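See below for work.cif, which holds mmCIF, C-alpha atoms.
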```
data_data
loop_
_atom_site.group_PDB
_atom_site.id
_atom_site.type_symbol
_atom_site.label_atom_id
_atom_site.label_comp_id
_atom_site.auth_asym_id
_atom_site.auth_seq_id
_atom_site.Cartn_x
_atom_site.Cartn_y
_atom_site.Cartn_z
ATOM 1 C CA MET N 1 84.067 -84.658 -32.950
ATOM 2 C CA ASN N 2 83.260 -87.714 -35.068
ATOM 3 C CA TRP N 3 82.907 -91.305 -33.923
ATOM 4 C CA SER N 4 86.338 -92.557 -34.945
ATOM 5 C CA GLU N 5 87.900 -89.689 -33.040
ATOM 6 C CA PHE N 6 85.718 -90.552 -30.088
ATOM 7 C CA PHE N 7 86.771 -94.203 -30.092
ATOM 8 C CA ASN N 8 90.398 -93.219 -30.534
ATOM 9 C CA MET N 9 90.318 -91.254 -27.246
ATOM 10 C CA GLY N 10 93.219 -89.084 -28.316
ATOM 11 C CA GLY N 11 95.450 -92.150 -28.661
ATOM 12 C CA TYR N 12 94.514 -93.584 -25.261
ATOM 13 C CA ALA N 13 91.829 -95.894 -26.682
ATOM 14 C CA PHE N 14 93.367 -99.078 -25.244
ATOM 15 C CA PHE N 15 93.608 -97.733 -21.691
ATOM 16 C CA VAL N 16 90.260 -95.953 -21.620
ATOM 17 C CA TRP N 17 88.189 -98.676 -23.267
ATOM 18 C CA THR N 18 89.843 -101.527 -21.402
ATOM 19 C CA SER N 19 88.987 -99.693 -18.175
ATOM 20 C CA TYR N 20 85.382 -99.162 -19.166
ATOM 21 C CA GLY N 21 85.010 -102.657 -20.654
ATOM 22 C CA LEU N 22 86.452 -104.389 -17.619
ATOM 23 C CA THR N 23 84.301 -102.331 -15.277
ATOM 24 C CA PHE N 24 81.244 -103.296 -17.317
ATOM 25 C CA LEU N 25 82.162 -106.987 -17.091
ATOM 26 C CA VAL N 26 82.696 -106.834 -13.327
ATOM 27 C CA MET N 27 79.326 -105.072 -12.927
ATOM 28 C CA LEU N 28 77.673 -107.729 -15.058
ATOM 29 C CA ALA N 29 79.231 -110.479 -12.949
ATOM 30 C CA ASN N 30 77.933 -108.699 -9.851
ATOM 31 C CA ILE N 31 74.410 -108.844 -11.264
ATOM 32 C CA ILE N 32 74.555 -112.445 -12.472
ATOM 33 C CA SER N 33 76.336 -114.046 -9.527
ATOM 34 C CA PRO N 34 73.652 -113.347 -6.847
ATOM 35 C CA ILE N 35 70.938 -114.546 -9.257
ATOM 36 C CA ILE N 36 72.759 -117.872 -9.687
ATOM 37 C CA GLN N 37 73.432 -117.984 -5.946
ATOM 38 C CA ARG N 38 69.708 -117.539 -5.231
ATOM 39 C CA ARG N 39 68.753 -120.355 -7.616
ATOM 40 C CA LYS N 40 71.309 -122.660 -6.029
ATOM 41 C CA VAL N 41 70.089 -121.945 -2.505
ATOM 42 C CA ILE N 42 66.453 -122.477 -3.467
ATOM 43 C CA ALA N 43 67.269 -125.732 -5.318
ATOM 44 C CA ARG N 44 69.234 -126.964 -2.317
ATOM 45 C CA ILE N 45 66.383 -126.250 0.087
ATOM 46 C CA LYS N 46 63.874 -127.902 -2.259
ATOM 47 C CA ARG N 47 66.053 -131.037 -2.371
ATOM 48 C CA ALA N 48 66.256 -131.048 1.404
ATOM 49 C CA ILE N 49 62.476 -130.775 1.698
ATOM 50 C CA LYS N 50 62.004 -133.678 -0.731
ATOM 51 C CA ARG N 51 64.532 -135.826 1.127
ATOM 52 C CA GLU N 52 62.824 -135.189 4.419
ATOM 53 C CA GLN N 53 59.432 -136.062 2.969
ATOM 54 C CA LEU N 54 60.826 -139.367 1.621
ATOM 55 C CA THR N 55 62.498 -140.362 4.855
ATOM 56 C CA GLY N 56 59.612 -139.122 6.922
ATOM 57 C CA GLY N 57 61.323 -135.986 8.219
ATOM 58 C CA MET F 58 59.449 -106.577 1.016
ATOM 59 C CA SER F 59 62.826 -105.668 -0.430
ATOM 60 C CA ALA F 60 61.863 -106.493 -4.033
ATOM 61 C CA PRO F 61 60.440 -103.048 -4.983
ATOM 62 C CA LEU F 62 63.424 -101.345 -3.334
ATOM 63 C CA ILE F 63 65.820 -103.496 -5.345
ATOM 64 C CA LYS F 64 63.951 -102.580 -8.514
ATOM 65 C CA TRP F 65 64.088 -98.841 -7.841
ATOM 66 C CA PHE F 66 67.731 -98.867 -6.795
ATOM 67 C CA THR F 67 68.613 -100.754 -9.976
ATOM 68 C CA ILE F 68 66.623 -98.499 -12.292
ATOM 69 C CA SER F 69 67.903 -95.271 -10.759
ATOM 70 C CA ALA F 70 71.498 -96.579 -10.718
ATOM 71 C CA LEU F 71 71.184 -97.398 -14.414
ATOM 72 C CA LEU F 72 69.639 -94.053 -15.407
ATOM 73 C CA ILE F 73 72.026 -91.921 -13.352
ATOM 74 C CA GLY F 74 74.969 -94.060 -14.482
ATOM 75 C CA LEU F 75 74.089 -93.702 -18.150
ATOM 76 C CA TYR F 76 73.649 -89.941 -17.801
ATOM 77 C CA GLY F 77 76.949 -89.718 -15.927
ATOM 78 C CA LEU F 78 78.681 -91.743 -18.662
ATOM 79 C CA TYR F 79 77.188 -89.504 -21.339
ATOM 80 C CA LEU F 80 78.407 -86.359 -19.583
ATOM 81 C CA GLY F 81 81.767 -87.920 -18.773
ATOM 82 C CA LEU F 82 82.523 -89.310 -22.220
ATOM 83 C CA PHE F 83 80.889 -86.746 -24.507
ATOM 84 C CA VAL F 84 80.394 -83.459 -22.667
ATOM 85 C CA ALA F 85 83.336 -83.135 -20.267
ATOM 86 C CA PRO F 86 86.238 -81.231 -21.831
ATOM 87 C CA THR F 87 89.624 -82.775 -22.599
ATOM 88 C CA ASP F 88 92.148 -82.412 -19.782
ATOM 89 C CA TYR F 89 94.929 -80.020 -20.740
ATOM 90 C CA GLN F 90 97.627 -82.191 -19.129
ATOM 91 C CA GLN F 91 96.390 -85.744 -19.481
ATOM 92 C CA GLY F 92 94.434 -85.544 -22.737
ATOM 93 C CA GLU F 93 91.587 -88.024 -23.057
ATOM 94 C CA SER F 94 93.182 -90.616 -20.777
ATOM 95 C CA TYR F 95 91.813 -88.807 -17.738
ATOM 96 C CA ARG F 96 88.303 -90.054 -18.637
ATOM 97 C CA ILE F 97 89.173 -93.186 -16.666
ATOM 98 C CA ILE F 98 88.591 -90.960 -13.628
ATOM 99 C CA PHE F 99 84.807 -91.310 -13.991
ATOM 100 C CA ILE F 100 85.007 -94.970 -12.985
ATOM 101 C CA HIS F 101 88.307 -95.058 -11.115
ATOM 102 C CA VAL F 102 87.510 -92.485 -8.430
ATOM 103 C CA PRO F 103 83.888 -93.546 -7.721
ATOM 104 C CA ALA F 104 85.033 -97.190 -7.559
ATOM 105 C CA ALA F 105 87.805 -96.254 -5.118
ATOM 106 C CA TRP F 106 85.319 -94.319 -2.959
ATOM 107 C CA MET F 107 83.003 -97.334 -3.003
ATOM 108 C CA SER F 108 85.827 -99.638 -1.965
ATOM 109 C CA LEU F 109 86.253 -97.559 1.216
ATOM 110 C CA PHE F 110 82.538 -96.939 1.800
ATOM 111 C CA ILE F 111 81.580 -100.614 1.474
ATOM 112 C CA TYR F 112 84.431 -101.595 3.769
ATOM 113 C CA MET F 113 83.081 -99.257 6.448
ATOM 114 C CA VAL F 114 79.561 -100.647 5.988
ATOM 115 C CA MET F 115 80.977 -104.166 6.283
ATOM 116 C CA ALA F 116 83.078 -103.432 9.375
ATOM 117 C CA VAL F 117 80.317 -101.506 11.167
ATOM 118 C CA SER F 118 77.729 -104.221 10.416
ATOM 119 C CA ALA F 119 80.148 -106.908 11.544
ATOM 120 C CA GLY F 120 80.707 -104.917 14.749
ATOM 121 C CA ILE F 121 76.970 -104.617 15.359
ATOM 122 C CA GLY F 122 76.658 -108.349 14.701
ATOM 123 C CA ILE F 123 79.355 -109.194 17.222
ATOM 124 C CA ILE F 124 78.291 -106.771 19.955
ATOM 125 C CA TRP F 125 74.497 -106.947 19.785
ATOM 126 C CA GLN F 126 74.157 -110.354 18.130
ATOM 127 C CA ILE F 127 71.941 -108.966 15.396
ATOM 128 C CA ARG F 128 71.891 -111.637 12.706
ATOM 129 C CA LEU F 129 70.791 -109.260 9.955
ATOM 130 C CA ALA F 130 73.926 -107.168 10.551
ATOM 131 C CA ASP F 131 76.126 -110.236 10.051
ATOM 132 C CA MET F 132 74.266 -110.990 6.828
ATOM 133 C CA VAL F 133 74.761 -107.434 5.532
ATOM 134 C CA ALA F 134 78.479 -107.694 6.309
ATOM 135 C CA ALA F 135 78.798 -111.030 4.530
ATOM 136 C CA ALA F 136 76.771 -109.723 1.577
ATOM 137 C CA SER F 137 78.936 -106.603 1.273
ATOM 138 C CA ALA F 138 82.310 -108.344 1.073
ATOM 139 C CA PRO F 139 82.211 -109.623 -2.534
ATOM 140 C CA ILE F 140 80.717 -106.350 -3.790
ATOM 141 C CA GLY F 141 83.374 -104.325 -1.995
ATOM 142 C CA ALA F 142 86.080 -106.607 -3.342
ATOM 143 C CA SER F 143 84.879 -106.068 -6.903
ATOM 144 C CA PHE F 144 84.883 -102.274 -6.541
ATOM 145 C CA THR F 145 88.392 -102.466 -5.059
ATOM 146 C CA PHE F 146 89.437 -104.620 -7.998
ATOM 147 C CA ILE F 147 87.974 -102.064 -10.448
ATOM 148 C CA ALA F 148 89.764 -99.210 -8.661
ATOM 149 C CA LEU F 149 93.100 -101.062 -8.824
ATOM 150 C CA VAL F 150 92.810 -102.186 -12.451
ATOM 151 C CA THR F 151 91.540 -98.865 -13.824
ATOM 152 C CA GLY F 152 94.269 -97.175 -11.785
ATOM 153 C CA ALA F 153 96.878 -99.411 -13.421
ATOM 154 C CA LEU F 154 95.436 -98.656 -16.857
ATOM 155 C CA TRP F 155 95.633 -94.970 -16.075
ATOM 156 C CA GLY F 156 99.097 -95.227 -14.541
ATOM 157 C CA LYS F 157 100.669 -96.842 -17.590
ATOM 158 C CA PRO F 158 100.199 -93.904 -20.000
ATOM 159 C CA MET F 159 100.626 -91.206 -17.301
ATOM 160 C CA TRP F 160 103.378 -92.580 -15.045
ATOM 161 C CA GLY F 161 104.900 -95.085 -17.452
ATOM 162 C CA ALA F 162 104.128 -98.101 -15.254
ATOM 163 C CA TYR F 163 101.067 -100.215 -14.553
ATOM 164 C CA TRP F 164 102.097 -100.656 -10.962
ATOM 165 C CA VAL F 165 104.376 -98.946 -8.482
ATOM 166 C CA TRP F 166 104.735 -99.820 -4.791
ATOM 167 C CA ASP F 167 103.433 -96.448 -3.783
ATOM 168 C CA ALA F 168 101.624 -95.892 -0.467
ATOM 169 C CA ARG F 169 98.189 -95.297 -1.997
ATOM 170 C CA LEU F 170 98.379 -98.286 -4.327
ATOM 171 C CA THR F 171 99.814 -100.618 -1.714
ATOM 172 C CA SER F 172 97.233 -99.727 0.940
ATOM 173 C CA GLU F 173 94.420 -100.178 -1.604
ATOM 174 C CA LEU F 174 95.858 -103.607 -2.490
ATOM 175 C CA ILE F 175 95.837 -104.465 1.226
ATOM 176 C CA LEU F 176 92.162 -103.473 1.247
ATOM 177 C CA LEU F 177 91.502 -106.054 -1.476
ATOM 178 C CA PHE F 178 93.278 -108.696 0.614
ATOM 179 C CA LEU F 179 91.203 -107.721 3.662
ATOM 180 C CA TYR F 180 88.049 -108.355 1.641
ATOM 181 C CA PHE F 181 89.471 -111.684 0.442
ATOM 182 C CA GLY F 182 90.445 -112.583 3.998
ATOM 183 C CA TYR F 183 86.937 -111.851 5.233
ATOM 184 C CA MET F 184 85.423 -113.997 2.483
ATOM 185 C CA ALA F 185 87.906 -116.819 3.074
ATOM 186 C CA LEU F 186 87.102 -116.913 6.797
ATOM 187 C CA GLN F 187 83.369 -116.856 6.041
ATOM 188 C CA SER F 188 83.579 -119.873 3.780
ATOM 189 C CA ALA F 189 86.246 -121.785 5.702
ATOM 190 C CA ILE F 190 84.526 -121.893 9.089
ATOM 191 C CA GLU F 191 81.638 -124.333 9.204
ATOM 192 C CA ASP F 192 79.795 -122.909 12.210
ATOM 193 C CA GLN F 193 78.096 -119.706 11.067
ATOM 194 C CA ARG F 194 78.389 -117.852 14.364
ATOM 195 C CA SER F 195 82.103 -118.551 14.685
ATOM 196 C CA ALA F 196 82.570 -117.583 11.041
ATOM 197 C CA ASP F 197 80.822 -114.255 11.634
ATOM 198 C CA LYS F 198 82.910 -113.616 14.739
ATOM 199 C CA ALA F 199 86.263 -114.435 13.157
ATOM 200 C CA SER F 200 85.653 -112.640 9.866
ATOM 201 C CA GLY F 201 83.999 -109.715 11.657
ATOM 202 C CA LEU F 202 87.027 -109.315 13.888
ATOM 203 C CA LEU F 203 89.285 -109.229 10.842
ATOM 204 C CA ALA F 204 87.033 -106.600 9.239
ATOM 205 C CA ILE F 205 87.147 -104.428 12.376
ATOM 206 C CA VAL F 206 90.920 -104.669 12.775
ATOM 207 C CA GLY F 207 91.284 -103.857 9.076
ATOM 208 C CA VAL F 208 89.550 -100.505 9.589
ATOM 209 C CA VAL F 209 92.968 -99.034 10.492
ATOM 210 C CA ASN F 210 93.783 -99.332 6.806
ATOM 211 C CA ILE F 211 90.993 -96.935 5.795
ATOM 212 C CA PRO F 212 92.544 -93.661 7.065
ATOM 213 C CA ILE F 213 95.895 -94.921 5.791
ATOM 214 C CA ILE F 214 94.443 -95.175 2.283
ATOM 215 C CA HIS F 215 92.776 -91.788 2.549
ATOM 216 C CA TYR F 216 95.768 -89.887 3.906
ATOM 217 C CA SER F 217 98.467 -91.906 2.128
ATOM 218 C CA VAL F 218 98.815 -89.197 -0.510
ATOM 219 C CA GLU F 219 99.563 -86.635 2.205
ATOM 220 C CA TRP F 220 101.607 -88.715 4.646
ATOM 221 C CA TRP F 221 104.007 -90.119 2.099
ATOM 222 C CA ASN F 222 105.583 -88.757 -1.025
ATOM 223 C CA THR F 223 103.606 -90.667 -3.557
ATOM 224 C CA LEU F 224 103.236 -90.787 -7.285
ATOM 225 C CA HIS F 225 99.487 -90.863 -6.845
ATOM 226 C CA GLN F 226 97.946 -87.432 -7.120
ATOM 227 C CA GLY F 227 96.360 -85.793 -4.089
ATOM 228 C CA ALA F 228 92.663 -85.355 -3.440
ATOM 229 C CA THR F 229 90.898 -83.101 -5.904
ATOM 230 C CA VAL F 230 87.336 -83.464 -4.686
ATOM 231 C CA THR F 231 87.276 -84.449 -1.006
ATOM 232 C CA LYS F 232 89.174 -81.542 0.424
ATOM 233 C CA PHE F 233 87.891 -78.743 2.506
ATOM 234 C CA ASP F 234 88.459 -75.878 0.119
ATOM 235 C CA LYS F 235 86.892 -75.736 -3.314
ATOM 236 C CA PRO F 236 87.447 -78.851 -5.446
ATOM 237 C CA SER F 237 90.204 -78.151 -7.949
ATOM 238 C CA MET F 238 88.335 -79.603 -10.851
ATOM 239 C CA HIS F 239 86.317 -78.206 -13.701
ATOM 240 C CA ILE F 240 82.592 -78.313 -12.972
ATOM 241 C CA ASP F 241 81.902 -80.196 -16.245
ATOM 242 C CA MET F 242 84.241 -82.941 -15.006
ATOM 243 C CA LEU F 243 83.043 -82.844 -11.421
ATOM 244 C CA ILE F 244 79.339 -83.358 -12.204
ATOM 245 C CA PRO F 245 79.736 -86.637 -14.159
ATOM 246 C CA LEU F 246 82.175 -87.835 -11.487
ATOM 247 C CA LEU F 247 79.620 -87.233 -8.736
ATOM 248 C CA LEU F 248 76.814 -88.746 -10.839
ATOM 249 C CA MET F 249 78.867 -91.915 -11.314
ATOM 250 C CA ALA F 250 79.525 -91.998 -7.576
ATOM 251 C CA VAL F 251 75.781 -91.804 -6.879
ATOM 252 C CA ALA F 252 75.080 -94.489 -9.498
ATOM 253 C CA PHE F 253 77.674 -96.824 -7.924
ATOM 254 C CA LYS F 254 76.145 -96.257 -4.489
ATOM 255 C CA LEU F 255 72.646 -97.089 -5.742
ATOM 256 C CA PHE F 256 74.006 -100.139 -7.550
ATOM 257 C CA TYR F 257 75.629 -101.302 -4.326
ATOM 258 C CA ALA F 258 72.351 -100.721 -2.460
ATOM 259 C CA ALA F 259 70.509 -102.982 -4.912
ATOM 260 C CA LEU F 260 73.230 -105.651 -4.867
ATOM 261 C CA VAL F 261 73.573 -105.748 -1.096
ATOM 262 C CA LEU F 262 69.815 -106.225 -0.716
ATOM 263 C CA VAL F 263 69.813 -109.111 -3.196
ATOM 264 C CA ARG F 264 72.788 -110.757 -1.524
ATOM 265 C CA THR F 265 71.472 -110.217 2.003
ATOM 266 C CA ARG F 266 68.229 -111.911 0.959
ATOM 267 C CA ASN F 267 70.260 -114.860 -0.341
ATOM 268 C CA GLU F 268 72.210 -114.980 2.922
ATOM 269 C CA ALA F 269 68.954 -115.045 4.903
ATOM 270 C CA LEU F 270 67.533 -117.883 2.805
ATOM 271 C CA TYR F 271 70.727 -119.897 3.152
ATOM 272 C CA ARG F 272 71.314 -119.317 6.857
ATOM 273 C CA ASP F 273 67.694 -120.025 7.758
ATOM 274 C CA ARG F 274 67.395 -122.938 5.355
ATOM 275 C CA ASN F 275 66.114 -125.229 8.099
ATOM 276 C CA ARG F 276 63.657 -122.746 9.535
ATOM 277 C CA ARG F 277 59.945 -122.728 8.997
ATOM 278 C CA TRP F 278 59.672 -119.299 7.287
ATOM 279 C CA VAL F 279 62.118 -120.277 4.584
ATOM 280 C CA ARG F 280 60.462 -123.658 4.083
ATOM 281 C CA GLU F 281 57.065 -122.039 3.682
ATOM 282 C CA LEU F 282 58.465 -119.434 1.314
ATOM 283 C CA ILE F 283 60.198 -122.047 -0.852
ATOM 284 C CA GLU F 284 57.111 -124.227 -1.087
ATOM 285 C CA LYS F 285 55.209 -121.279 -2.527
ATOM 286 C CA LEU F 286 57.844 -120.705 -5.238
#
```
Any chance you could put this one into structure tokens?
Amino acid sequence: MNWSEFFNMGGYAFFVWTSYGLTFLVMLANIISPIIQRRKVIARIKRAIKREQLTGG
Amino acid sequence: MSAPLIKWFTISALLIGLYGLYLGLFVAPTDYQQGESYRIIFIHVPAAWMSLFIYMVMAVSAGIGIIWQIRLADMVAAASAPIGASFTFIALVTGALWGKPMWGAYWVWDARLTSELILLFLYFGYMALQSAIEDQRSADKASGLLAIVGVVNIPIIHYSVEWWNTLHQGATVTKFDKPSMHIDMLIPLLLMAVAFKLFYAALVLVRTRNEALYRDRNRRWVRELIEKL
């Protein structure tokens, strides 16, 4: 089996590769989203700490 | 504490997943009825299993949170919901992409498909209640209750292919007699299932940690931790 045959997936290329591609994207989003979430939470807490220090708690 | 665990879950999920993909895409033989299109199975079925498994984790944790007031359980439930929803989404979309060439339609209102769609809405409902209710304890109670009531949908999904005449094919792996599947197809399928489970384990730890930071944002331990960062 050569590569073009492999990518052709016996004529089902669109269905197979869209499935795999979409799954990959959703996985990627699942990795990135909690990292962003963590940064946001930490930034928010840091702001709160600063505010409390300025206003004297 | 959870950082090394997250690392190992991620690495093993990646390695097992890549090996499973290699076996599934290159080694597994072509299906004599469905041609190459059946290769969607290696993500579709493990994702569908995960959608049910994560729901049970979410509902059981929510139950523990409500009954014994264990805050960590509520956090695990809240952390699981978006991950479970994304696996449900993958199962539905890859199913549609498999259904089109095999059944001739992306979607049919068949019992299996409909009950899996309801599962997605249960996840969305849980997440909506979590974010809509300001008071965290009330949010956990309301969303947890929804999760527990929604458990009735789980056996419906599982047995839908037996209880109703559906277009969706019956179980080929999770039945009591020998799985009716070629071993070269079964192994990559199971490897992908293990990889998805490990991936979920890593993700739920990361998200639970975020939940803990956010919920305890006014507590001393979080403040001390943040000041060290």
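Excluding region 35-42 of chain N and any residue on its chain fewer than 2 positions from it, the residues at most 10 Å away by all atoms listed in the file are Ala29, Asn30, Ile31, Ile32, Ser33, Arg44, Ile45, Lys46, Arg47 and Ala48 of chain N; Val263, Arg264, Arg266, Asn267, Glu268, Leu270, Tyr271, Arg272, Arg274, Val279, Arg280, Leu282, Ile283, Glu284 and Leu286 of chain F.
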Spell out the residues picked by the PyMOL selection byres ((chain N and resi 12) around 12) here, as a ChimeraX atom specification. /N:5-11,13-19 /F:91-97,154-159
Let's have the selection written as a compact mmCIF listing (two decimals), keeping the file's coordinate frame, with C-alpha atoms.
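Just written: again.txt:
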```txt
# COMPACT_ATOMS: atom_id res chain seq x y z
CA GLU N 5 87.90 -89.69 -33.04
CA PHE N 6 85.72 -90.55 -30.09
CA PHE N 7 86.77 -94.20 -30.09
CA ASN N 8 90.40 -93.22 -30.53
CA MET N 9 90.32 -91.25 -27.25
CA GLY N 10 93.22 -89.08 -28.32
CA GLY N 11 95.45 -92.15 -28.66
CA ALA N 13 91.83 -95.89 -26.68
CA PHE N 14 93.37 -99.08 -25.24
CA PHE N 15 93.61 -97.73 -21.69
CA VAL N 16 90.26 -95.95 -21.62
CA TRP N 17 88.19 -98.68 -23.27
CA THR N 18 89.84 -101.53 -21.40
CA SER N 19 88.99 -99.69 -18.18
CA GLN F 91 96.39 -85.74 -19.48
CA GLY F 92 94.43 -85.54 -22.74
CA GLU F 93 91.59 -88.02 -23.06
CA SER F 94 93.18 -90.62 -20.78
CA TYR F 95 91.81 -88.81 -17.74
CA ARG F 96 88.30 -90.05 -18.64
CA ILE F 97 89.17 -93.19 -16.67
CA LEU F 154 95.44 -98.66 -16.86
CA TRP F 155 95.63 -94.97 -16.08
CA GLY F 156 99.10 -95.23 -14.54
CA LYS F 157 100.67 -96.84 -17.59
CA PRO F 158 100.20 -93.90 -20.00
CA MET F 159 100.63 -91.21 -17.30
```
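Pairwise distance (CA of Ile244 (chain F), CA of Gly77 (chain F)) equals 7.7 Å.
Those residues that approach Pro61 (chain F) to within 12 Å, counting all atoms listed in the file, are Thr67, Ile68, Ala259, Leu262 and Val263 of chain F; same-chain residues fewer than 6 positions away are not listed.
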Residues near region 146-152 of chain F, cut-off 8 Å, all atoms listed in the file, skip fewer than 2 positions along chain, as a PyMOL selection string: (chain N and resi 19+22-23+26) or (chain F and resi 97+100-102+104-105+108+142-144+154-156+163+170+173-174+177)
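You can rank F:Val230, F:Leu260, F:Ala185, F:Ala70 by their closest distance to chain N using only C-alpha atoms, and at the top of that list sits F:Leu260.
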Give me the residues near Tyr79 (chain F) as a VMD selection string, where near means some atom within 12 Å (using only C-alpha atoms) and where sequence neighbours in that chain fewer than 6 positions away do not count. chain F and resid 72 to 73 85 96 99 241 to 242 244 to 246 248 to 249
The PyMOL selection byres ((chain F and resi 180) around 12) - which residues does that actually catch in the file I just gave you? List them as a compact mmCIF listing (two decimals) with C-alpha atoms, keeping the file's coordinate frame.
```
# COMPACT_ATOMS: atom_id res chain seq x y z
CA SER F 108 85.83 -99.64 -1.96
CA LEU F 109 86.25 -97.56 1.22
CA ILE F 111 81.58 -100.61 1.47
CA TYR F 112 84.43 -101.60 3.77
CA MET F 113 83.08 -99.26 6.45
CA MET F 115 80.98 -104.17 6.28
CA ALA F 116 83.08 -103.43 9.38
CA ALA F 134 78.48 -107.69 6.31
CA ALA F 135 78.80 -111.03 4.53
CA ALA F 136 76.77 -109.72 1.58
CA SER F 137 78.94 -106.60 1.27
CA ALA F 138 82.31 -108.34 1.07
CA PRO F 139 82.21 -109.62 -2.53
CA ILE F 140 80.72 -106.35 -3.79
CA GLY F 141 83.37 -104.32 -2.00
CA ALA F 142 86.08 -106.61 -3.34
CA SER F 143 84.88 -106.07 -6.90
CA PHE F 144 84.88 -102.27 -6.54
CA THR F 145 88.39 -102.47 -5.06
CA PHE F 146 89.44 -104.62 -8.00
CA GLU F 173 94.42 -100.18 -1.60
CA LEU F 174 95.86 -103.61 -2.49
CA ILE F 175 95.84 -104.46 1.23
CA LEU F 176 92.16 -103.47 1.25
CA LEU F 177 91.50 -106.05 -1.48
CA PHE F 178 93.28 -108.70 0.61
CA LEU F 179 91.20 -107.72 3.66
CA PHE F 181 89.47 -111.68 0.44
CA GLY F 182 90.44 -112.58 4.00
CA TYR F 183 86.94 -111.85 5.23
CA MET F 184 85.42 -114.00 2.48
CA ALA F 185 87.91 -116.82 3.07
CA LEU F 186 87.10 -116.91 6.80
CA GLN F 187 83.37 -116.86 6.04
CA SER F 200 85.65 -112.64 9.87
CA GLY F 201 84.00 -109.72 11.66
CA LEU F 203 89.28 -109.23 10.84
CA ALA F 204 87.03 -106.60 9.24
CA ILE F 205 87.15 -104.43 12.38
CA GLY F 207 91.28 -103.86 9.08
CA VAL F 208 89.55 -100.50 9.59
CA ASN F 210 93.78 -99.33 6.81
```
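Distance check against Phe256 (chain F) using only C-alpha atoms: of F:Leu129, F:Met107, F:Ala162, F:Leu80, the minimum falls on F:Met107.
When only C-alpha atoms are used to compute distances to chain N, the closest of the residues F:Ser195, F:Ser172, F:Thr265, F:Ser237 turns out to be F:Thr265.
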Would you compute the distance between CA of Ala130 (chain F) and CA of Ser118 (chain F)? Give it in Å to one decimal. 4.8 Å
For region 205-217 of chain F, I'd like the enclosing box, axis-aligned and padded by 8 Å on every side, reported as JSON with centre and edge lengths in Å to one decimal.
```
{"center_x": 92.8, "center_y": -97.3, "center_z": 7.5, "size_x": 27.3, "size_y": 30.8, "size_z": 26.6}
```
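Separating CA of Gln226 (chain F) from CA of Tyr20 (chain N) is a distance of 21.0 Å.
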